[in-house]
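Below is one structure, written out as C-alpha coordinates, with a few remarks after it.
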Amino acid sequence: MSTETVREYIAAQVAPNLPDDWKIDAGIPTLGALSKPLLWIEYTAFEPLPEAPLSSIKVTADLCIVTNLTDERKGEDAADEHVAALYEAALSARTFYSITARKAVFADTYFGWRLSIQVATTNPATTAPATEE
(Lines give C-alpha, C1' and ligand atoms only; values in the text may rest on other atoms or scores of the structure.)
Protein backbone atom coordinates (compact mmCIF):
# COMPACT_ATOMS: atom_id res chain seq x y z
CA MET A 1 0.00 0.00 0.00
CA SER A 2 1.30 3.38 -0.92
CA THR A 3 1.43 6.09 1.73
CA GLU A 4 2.34 8.96 -0.57
CA THR A 5 -0.20 11.72 -0.99
CA VAL A 6 -2.13 12.10 -4.22
CA ARG A 7 -0.07 15.25 -4.91
CA GLU A 8 3.18 13.30 -4.49
CA TYR A 9 1.84 10.51 -6.68
CA ILE A 10 0.88 12.89 -9.50
CA ALA A 11 4.21 14.72 -9.23
CA ALA A 12 6.14 11.43 -9.44
CA GLN A 13 4.16 10.34 -12.50
CA VAL A 14 4.58 13.56 -14.50
CA ALA A 15 8.05 14.74 -13.39
CA PRO A 16 9.97 12.56 -15.89
CA ASN A 17 8.07 14.27 -18.73
CA LEU A 18 8.77 17.87 -17.68
CA PRO A 19 11.38 20.04 -19.41
CA ASP A 20 14.63 20.13 -17.41
CA ASP A 21 14.04 23.64 -16.06
CA TRP A 22 10.42 22.93 -14.94
CA LYS A 23 10.01 21.76 -11.34
CA ILE A 24 6.81 21.16 -9.34
CA ASP A 25 6.62 23.33 -6.20
CA ALA A 26 5.57 21.65 -2.97
CA GLY A 27 2.72 24.07 -2.24
CA ILE A 28 0.45 26.62 -3.82
CA PRO A 29 2.58 29.73 -4.41
CA THR A 30 1.82 33.41 -4.20
CA LEU A 31 2.44 34.69 -7.70
CA GLY A 32 4.73 37.69 -7.84
CA ALA A 33 7.36 38.46 -10.46
CA LEU A 34 8.32 35.17 -12.11
CA SER A 35 11.75 34.48 -13.57
CA LYS A 36 10.89 30.97 -14.86
CA PRO A 37 7.83 28.77 -15.39
CA LEU A 38 6.10 27.69 -12.18
CA LEU A 39 4.23 24.46 -11.50
CA TRP A 40 2.19 23.24 -8.54
CA ILE A 41 -0.58 20.78 -7.74
CA GLU A 42 -3.78 21.78 -5.96
CA TYR A 43 -6.70 19.61 -4.91
CA THR A 44 -9.99 20.66 -6.54
CA ALA A 45 -12.47 17.88 -5.65
CA PHE A 46 -13.14 14.68 -3.75
CA GLU A 47 -16.18 12.62 -4.78
CA PRO A 48 -17.47 9.05 -4.70
CA LEU A 49 -16.42 6.82 -7.56
CA PRO A 50 -19.77 5.34 -8.62
CA GLU A 51 -18.43 2.46 -10.69
CA ALA A 52 -16.25 1.13 -7.82
CA PRO A 53 -16.88 -0.08 -4.25
CA LEU A 54 -18.54 2.34 -1.82
CA SER A 55 -15.24 3.23 -0.15
CA SER A 56 -13.67 4.36 -3.43
CA ILE A 57 -13.01 8.04 -3.99
CA LYS A 58 -12.14 10.03 -7.09
CA VAL A 59 -9.63 12.74 -6.16
CA THR A 60 -9.26 15.59 -8.63
CA ALA A 61 -6.16 17.75 -8.55
CA ASP A 62 -5.02 20.42 -10.97
CA LEU A 63 -1.43 20.50 -12.15
CA CYS A 64 -1.03 24.24 -12.70
CA ILE A 65 1.59 25.34 -15.19
CA VAL A 66 2.34 29.06 -15.38
CA THR A 67 4.80 30.66 -17.74
CA ASN A 68 6.87 33.63 -16.63
CA LEU A 69 5.79 35.57 -19.72
CA THR A 70 3.14 38.28 -19.42
CA ASP A 71 2.57 38.50 -23.17
CA GLU A 72 -0.19 35.95 -23.76
CA ARG A 73 0.92 35.01 -27.27
CA LYS A 74 4.54 34.43 -26.21
CA GLY A 75 3.38 32.60 -23.06
CA GLU A 76 1.13 30.36 -25.09
CA ASP A 77 3.91 29.58 -27.57
CA ALA A 78 6.32 28.83 -24.72
CA ALA A 79 3.95 26.44 -22.93
CA ASP A 80 1.89 24.70 -25.61
CA GLU A 81 4.45 22.25 -26.92
CA HIS A 82 5.50 21.15 -23.42
CA VAL A 83 1.92 20.91 -22.15
CA ALA A 84 0.85 18.84 -25.16
CA ALA A 85 3.78 16.44 -24.63
CA LEU A 86 3.06 16.24 -20.90
CA TYR A 87 -0.64 15.56 -21.54
CA GLU A 88 0.14 12.82 -24.06
CA ALA A 89 2.67 11.21 -21.70
CA ALA A 90 0.18 11.28 -18.81
CA LEU A 91 -2.50 9.65 -21.00
CA SER A 92 -0.18 6.95 -22.29
CA ALA A 93 1.07 6.11 -18.78
CA ARG A 94 -2.51 5.04 -17.91
CA THR A 95 -1.92 5.72 -14.22
CA PHE A 96 -4.70 8.28 -13.86
CA TYR A 97 -8.46 7.81 -13.88
CA SER A 98 -8.90 10.82 -16.17
CA ILE A 99 -6.94 13.85 -17.36
CA THR A 100 -8.09 17.01 -19.12
CA ALA A 101 -6.21 20.19 -20.01
CA ARG A 102 -7.47 23.76 -20.28
CA LYS A 103 -5.80 27.11 -20.74
CA ALA A 104 -5.83 29.60 -17.88
CA VAL A 105 -4.59 33.03 -16.84
CA PHE A 106 -3.14 33.28 -13.35
CA ALA A 107 -3.11 36.44 -11.19
CA ASP A 108 -4.64 38.28 -14.17
CA THR A 109 -1.15 38.37 -15.65
CA TYR A 110 0.49 35.06 -16.49
CA PHE A 111 -0.58 32.62 -19.19
CA GLY A 112 -0.74 28.96 -18.26
CA TRP A 113 -2.54 25.66 -18.24
CA ARG A 114 -4.50 23.58 -15.76
CA LEU A 115 -4.23 19.83 -16.25
CA SER A 116 -7.09 18.38 -14.24
CA ILE A 117 -6.01 14.91 -13.13
CA GLN A 118 -8.25 12.38 -11.42
CA VAL A 119 -6.91 9.55 -9.30
CA ALA A 120 -9.01 6.67 -7.93
CA THR A 121 -8.22 5.82 -4.31
CA THR A 122 -9.78 4.61 -1.07
CA ASN A 123 -8.27 7.44 0.95
CA PRO A 124 -7.87 11.07 -0.21
CA ALA A 125 -4.64 11.39 1.78
CA THR A 126 -2.93 8.47 0.02
CA THR A 127 -2.87 6.72 -3.32
CA ALA A 128 -3.85 3.32 -1.93
CA PRO A 129 -5.63 1.69 -4.86
CA ALA A 130 -9.41 1.28 -4.70
CA THR A 131 -10.24 -2.31 -3.69
CA GLU A 132 -13.43 -4.30 -3.51
CA GLU A 133 -14.83 -5.09 -0.07
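Every chain in the C-alpha coordinates has a letter given in the order shown (A, B, ...), and although residue numbers restart at 1 in each chain, ligands are simply numbered from 1 in the order shown.
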(request) Name the residues in contact with range 16-29 of chain A at a cut-off of 9 Å, using only C-alpha atoms, excluding same-chain residues fewer than 4 positions from it; report them as a ChimeraX atom specification. (result) /A:7-8,11-12,36-42,63,65,82-83,85-86,89-90
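The protein and nucleic acid residues lying at most 10 Å from Ile10 in chain A are Glu4, Thr5, Val6, Arg7, Glu8, Ala12, Gln13, Val14, Ala15, Ile41, Ala61, Asp62, Leu63, Ala90, Thr95, Phe96, Ile117, Gln118, Val119 and Thr127 of chain A, with only C-alpha atoms considered and sequence neighbours fewer than 2 positions away removed.
Atom pair CA of Leu115 in chain A / CA of Lys103 in chain A has a distance of 8.7 Å (rounded to one decimal).
Interatomic distance, CA of Asn68 in chain A against CA of Ala45 in chain A: 27.3 Å.
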